[in-house]
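Peer 1: Please read through the structure below; I'll follow up with questions.
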Amino acid sequence: LAFDGALRHFISRFRLPGEAQKIDRCMLRFAVRYHQQNPTVFNNADEAYCLAFSLIMLNTDAHSSKVKHKMTKQQFVKNNKAVVPTLSFQLLERMYTRIVSNEFKLECSDLERLYKRINSATERKMKLDDTNVCAVLEDSVKQ
């Protein structure tokens with residue numbers, strides 16, 4: 001599994017915490033495990049960690065409306081090539097393209113969709129009786 005694909009799989013299973021220190025620990029655990037299972041991709045787990053954190057930052061940069069000046073492919077490649085010189089320009093460019101074109105997202109279960117729909121209805125101040133909850137549940141399962 002490609003590094004960015006493995007990272008995408010890893011973070012699709014839970015919501016990343018908002019605090020940088022906690023994200024840092026998650027990325028460190030991921031990097032150590034990835035390096036153990038793929039010892040020839042990186043020289044050490046630190047390189048994997050740096051690239052993992054960089055991909056998380058790129059994902060935020062590329063998909064947040066709050067970021068006005070988006071990172072370019074050339075900037076991403078240059079920054080990461082300096083940290084992990086063994087990776088090819090082409091590989092870094094492909095990772096950039098995949099992240100920018102497909103945001104990291106949490107996989108959403110039917111129960112999570114139901115919870116979001118109920119919260120949305122509550123925010124709109126809809127009266128939620130048994131009939132409304134059943135309709136929300138049916139809509140969630142169809143999506």
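FYI, nothing fancy with the structure tokens labels: chains A, B, ... in order, residues from 1 per chain, ligands from 1 as they appear.
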Name the residues in contact with segment 48-64 of chain A at a cut-off of 9 Å, using only C-alpha atoms, excluding same-chain residues fewer than 4 positions from it; report them as a PDB file with N, CA, C and O atoms, in the first residue's frame.

Peer 2:
```pdb
ATOM      1  N   PHE A   3       2.275   4.918   0.711  1.00  0.00           N
ATOM      2  CA  PHE A   3       2.333   5.593   2.004  1.00  0.00           C
ATOM      3  C   PHE A   3       1.104   6.467   2.237  1.00  0.00           C
ATOM      4  O   PHE A   3       0.466   6.382   3.295  1.00  0.00           O
ATOM      5  N   ASP A   4       0.755   7.299   1.262  1.00  0.00           N
ATOM      6  CA  ASP A   4      -0.402   8.179   1.457  1.00  0.00           C
ATOM      7  C   ASP A   4      -1.701   7.374   1.518  1.00  0.00           C
ATOM      8  O   ASP A   4      -2.637   7.750   2.222  1.00  0.00           O
ATOM      9  N   LEU A   7      -1.838   6.033   5.050  1.00  0.00           N
ATOM     10  CA  LEU A   7      -2.208   7.119   5.959  1.00  0.00           C
ATOM     11  C   LEU A   7      -3.700   7.429   5.819  1.00  0.00           C
ATOM     12  O   LEU A   7      -4.400   7.607   6.817  1.00  0.00           O
ATOM     13  N   ILE A  23      -2.242  15.043  17.512  1.00  0.00           N
ATOM     14  CA  ILE A  23      -2.029  14.636  16.122  1.00  0.00           C
ATOM     15  C   ILE A  23      -0.600  14.136  15.956  1.00  0.00           C
ATOM     16  O   ILE A  23      -0.356  13.128  15.302  1.00  0.00           O
ATOM     17  N   ASP A  24       0.322  14.829  16.580  1.00  0.00           N
ATOM     18  CA  ASP A  24       1.735  14.455  16.536  1.00  0.00           C
ATOM     19  C   ASP A  24       1.929  13.023  17.033  1.00  0.00           C
ATOM     20  O   ASP A  24       2.609  12.223  16.391  1.00  0.00           O
ATOM     21  N   MET A  27       0.538  10.524  14.464  1.00  0.00           N
ATOM     22  CA  MET A  27       1.411  10.402  13.294  1.00  0.00           C
ATOM     23  C   MET A  27       2.682   9.630  13.639  1.00  0.00           C
ATOM     24  O   MET A  27       3.178   8.845  12.831  1.00  0.00           O
ATOM     25  N   LEU A  28       3.178   9.818  14.846  1.00  0.00           N
ATOM     26  CA  LEU A  28       4.369   9.083  15.274  1.00  0.00           C
ATOM     27  C   LEU A  28       4.085   7.588  15.346  1.00  0.00           C
ATOM     28  O   LEU A  28       4.866   6.780  14.832  1.00  0.00           O
ATOM     29  N   ARG A  29       2.946   7.210  15.931  1.00  0.00           N
ATOM     30  CA  ARG A  29       2.580   5.792  16.004  1.00  0.00           C
ATOM     31  C   ARG A  29       2.407   5.200  14.605  1.00  0.00           C
ATOM     32  O   ARG A  29       2.845   4.099  14.321  1.00  0.00           O
ATOM     33  N   PHE A  30       1.722   5.954  13.735  1.00  0.00           N
ATOM     34  CA  PHE A  30       1.537   5.490  12.357  1.00  0.00           C
ATOM     35  C   PHE A  30       2.886   5.278  11.681  1.00  0.00           C
ATOM     36  O   PHE A  30       3.124   4.248  11.038  1.00  0.00           O
ATOM     37  N   ALA A  31       3.785   6.250  11.812  1.00  0.00           N
ATOM     38  CA  ALA A  31       5.080   6.193  11.132  1.00  0.00           C
ATOM     39  C   ALA A  31       5.920   5.006  11.614  1.00  0.00           C
ATOM     40  O   ALA A  31       6.544   4.316  10.802  1.00  0.00           O
ATOM     41  N   VAL A  32       5.934   4.792  12.903  1.00  0.00           N
ATOM     42  CA  VAL A  32       6.703   3.670  13.451  1.00  0.00           C
ATOM     43  C   VAL A  32       6.167   2.352  12.896  1.00  0.00           C
ATOM     44  O   VAL A  32       6.926   1.497  12.428  1.00  0.00           O
ATOM     45  N   TYR A  34       4.315   1.871  10.159  1.00  0.00           N
ATOM     46  CA  TYR A  34       4.514   1.785   8.715  1.00  0.00           C
ATOM     47  C   TYR A  34       5.959   1.382   8.410  1.00  0.00           C
ATOM     48  O   TYR A  34       6.209   0.521   7.568  1.00  0.00           O
ATOM     49  N   HIS A  35       6.901   1.985   9.113  1.00  0.00           N
ATOM     50  CA  HIS A  35       8.312   1.669   8.878  1.00  0.00           C
ATOM     51  C   HIS A  35       8.629   0.217   9.265  1.00  0.00           C
ATOM     52  O   HIS A  35       9.405  -0.452   8.576  1.00  0.00           O
ATOM     53  N   VAL A  41      11.168   1.444   2.513  1.00  0.00           N
ATOM     54  CA  VAL A  41      10.623   2.683   1.942  1.00  0.00           C
ATOM     55  C   VAL A  41      11.342   3.911   2.488  1.00  0.00           C
ATOM     56  O   VAL A  41      11.673   4.832   1.744  1.00  0.00           O
ATOM     57  N   PHE A  42      11.585   3.928   3.793  1.00  0.00           N
ATOM     58  CA  PHE A  42      12.254   5.052   4.455  1.00  0.00           C
ATOM     59  C   PHE A  42      13.497   4.538   5.170  1.00  0.00           C
ATOM     60  O   PHE A  42      13.561   3.373   5.552  1.00  0.00           O
ATOM     61  N   ASN A  43      14.449   5.433   5.390  1.00  0.00           N
ATOM     62  CA  ASN A  43      15.652   5.055   6.141  1.00  0.00           C
ATOM     63  C   ASN A  43      15.334   4.796   7.605  1.00  0.00           C
ATOM     64  O   ASN A  43      16.005   4.006   8.262  1.00  0.00           O
ATOM     65  N   ASN A  44      14.335   5.493   8.125  1.00  0.00           N
ATOM     66  CA  ASN A  44      13.950   5.343   9.527  1.00  0.00           C
ATOM     67  C   ASN A  44      12.516   5.846   9.715  1.00  0.00           C
ATOM     68  O   ASN A  44      11.930   6.442   8.816  1.00  0.00           O
ATOM     69  N   LYS A  68      -5.823  30.951   2.586  1.00  0.00           N
ATOM     70  CA  LYS A  68      -5.948  31.776   1.374  1.00  0.00           C
ATOM     71  C   LYS A  68      -4.878  31.454   0.338  1.00  0.00           C
ATOM     72  O   LYS A  68      -5.143  31.428  -0.845  1.00  0.00           O
ATOM     73  N   HIS A  69      -3.651  31.242   0.771  1.00  0.00           N
ATOM     74  CA  HIS A  69      -2.543  30.959  -0.150  1.00  0.00           C
ATOM     75  C   HIS A  69      -2.190  29.477  -0.056  1.00  0.00           C
ATOM     76  O   HIS A  69      -1.505  29.054   0.877  1.00  0.00           O
ATOM     77  N   LYS A  70      -2.664  28.717  -1.022  1.00  0.00           N
ATOM     78  CA  LYS A  70      -2.480  27.267  -1.020  1.00  0.00           C
ATOM     79  C   LYS A  70      -1.055  26.887  -1.416  1.00  0.00           C
ATOM     80  O   LYS A  70      -0.420  27.553  -2.232  1.00  0.00           O
ATOM     81  N   MET A  71      -0.574  25.806  -0.823  1.00  0.00           N
ATOM     82  CA  MET A  71       0.748  25.298  -1.156  1.00  0.00           C
ATOM     83  C   MET A  71       0.740  24.744  -2.577  1.00  0.00           C
ATOM     84  O   MET A  71      -0.176  24.028  -2.966  1.00  0.00           O
ATOM     85  N   PHE A  76       5.553  21.833  -2.087  1.00  0.00           N
ATOM     86  CA  PHE A  76       5.413  20.583  -1.353  1.00  0.00           C
ATOM     87  C   PHE A  76       6.584  19.644  -1.636  1.00  0.00           C
ATOM     88  O   PHE A  76       7.194  19.097  -0.722  1.00  0.00           O
ATOM     89  N   ASN A  79       9.925  21.060  -0.131  1.00  0.00           N
ATOM     90  CA  ASN A  79       9.963  20.932   1.334  1.00  0.00           C
ATOM     91  C   ASN A  79      10.214  19.493   1.770  1.00  0.00           C
ATOM     92  O   ASN A  79      11.002  19.229   2.677  1.00  0.00           O
ATOM     93  N   ASN A  80       9.538  18.552   1.134  1.00  0.00           N
ATOM     94  CA  ASN A  80       9.662  17.156   1.550  1.00  0.00           C
ATOM     95  C   ASN A  80      10.919  16.485   1.024  1.00  0.00           C
ATOM     96  O   ASN A  80      11.453  15.588   1.667  1.00  0.00           O
ATOM     97  N   VAL A  83      13.619  16.930   3.465  1.00  0.00           N
ATOM     98  CA  VAL A  83      13.515  16.116   4.680  1.00  0.00           C
ATOM     99  C   VAL A  83      13.734  14.638   4.391  1.00  0.00           C
ATOM    100  O   VAL A  83      14.364  13.931   5.167  1.00  0.00           O
ATOM    101  N   VAL A  84      13.201  14.171   3.254  1.00  0.00           N
ATOM    102  CA  VAL A  84      13.316  12.760   2.871  1.00  0.00           C
ATOM    103  C   VAL A  84      13.927  12.700   1.464  1.00  0.00           C
ATOM    104  O   VAL A  84      13.225  12.490   0.477  1.00  0.00           O
ATOM    105  N   MET A  95       1.776  11.988  -4.692  1.00  0.00           N
ATOM    106  CA  MET A  95       1.133  12.132  -3.382  1.00  0.00           C
ATOM    107  C   MET A  95       0.409  13.465  -3.288  1.00  0.00           C
ATOM    108  O   MET A  95      -0.732  13.529  -2.829  1.00  0.00           O
ATOM    109  N   TYR A  96       1.067  14.526  -3.714  1.00  0.00           N
ATOM    110  CA  TYR A  96       0.464  15.859  -3.695  1.00  0.00           C
ATOM    111  C   TYR A  96      -0.853  15.842  -4.477  1.00  0.00           C
ATOM    112  O   TYR A  96      -1.886  16.289  -3.983  1.00  0.00           O
ATOM    113  N   ILE A  99      -3.671  13.895  -2.664  1.00  0.00           N
ATOM    114  CA  ILE A  99      -4.199  14.573  -1.474  1.00  0.00           C
ATOM    115  C   ILE A  99      -5.049  15.776  -1.882  1.00  0.00           C
ATOM    116  O   ILE A  99      -6.145  15.984  -1.362  1.00  0.00           O
ATOM    117  N   VAL A 100      -4.560  16.559  -2.828  1.00  0.00           N
ATOM    118  CA  VAL A 100      -5.285  17.762  -3.243  1.00  0.00           C
ATOM    119  C   VAL A 100      -6.602  17.399  -3.935  1.00  0.00           C
ATOM    120  O   VAL A 100      -7.614  18.072  -3.757  1.00  0.00           O
ATOM    121  N   SER A 101      -6.600  16.315  -4.679  1.00  0.00           N
ATOM    122  CA  SER A 101      -7.815  15.949  -5.411  1.00  0.00           C
ATOM    123  C   SER A 101      -8.791  15.115  -4.581  1.00  0.00           C
ATOM    124  O   SER A 101      -9.954  14.987  -4.948  1.00  0.00           O
ATOM    125  N   ASN A 102      -8.333  14.566  -3.449  1.00  0.00           N
ATOM    126  CA  ASN A 102      -9.193  13.696  -2.652  1.00  0.00           C
ATOM    127  C   ASN A 102      -8.875  13.887  -1.168  1.00  0.00           C
ATOM    128  O   ASN A 102      -7.942  13.294  -0.639  1.00  0.00           O
ATOM    129  N   GLU A 103      -9.687  14.688  -0.520  1.00  0.00           N
ATOM    130  CA  GLU A 103      -9.476  15.039   0.884  1.00  0.00           C
ATOM    131  C   GLU A 103      -9.524  13.806   1.784  1.00  0.00           C
ATOM    132  O   GLU A 103     -10.300  12.880   1.552  1.00  0.00           O
ATOM    133  N   PHE A 104      -8.683  13.795   2.832  1.00  0.00           N
ATOM    134  CA  PHE A 104      -8.780  12.767   3.857  1.00  0.00           C
ATOM    135  C   PHE A 104     -10.114  12.955   4.561  1.00  0.00           C
ATOM    136  O   PHE A 104     -10.436  14.041   5.016  1.00  0.00           O
TER     137      PHE A 104
END
```

Peer 1: Please compute the atom CA of Gln90 of chain A-atom CA of Ala20 of chain A distance, one decimal, in Å.

Peer 2: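 Between atom CA of Gln90 of chain A and atom CA of Ala20 of chain A the gap is 29.0 Å.
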
Peer 1: In Å, rounded to a single decimal, give me how far atom CA of Leu1 of chain A is from atom CA of Gln36 of chain A.

Peer 2: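 Computing the Euclidean distance for atom CA of Gln36 of chain A and atom CA of Leu1 of chain A yields 13.6 Å.
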
Peer 1: Just give me the gap between atom CA of His9 of chain A and atom CA of Ser88 of chain A in Å, one decimal is fine.

Peer 2: 22.6 Å
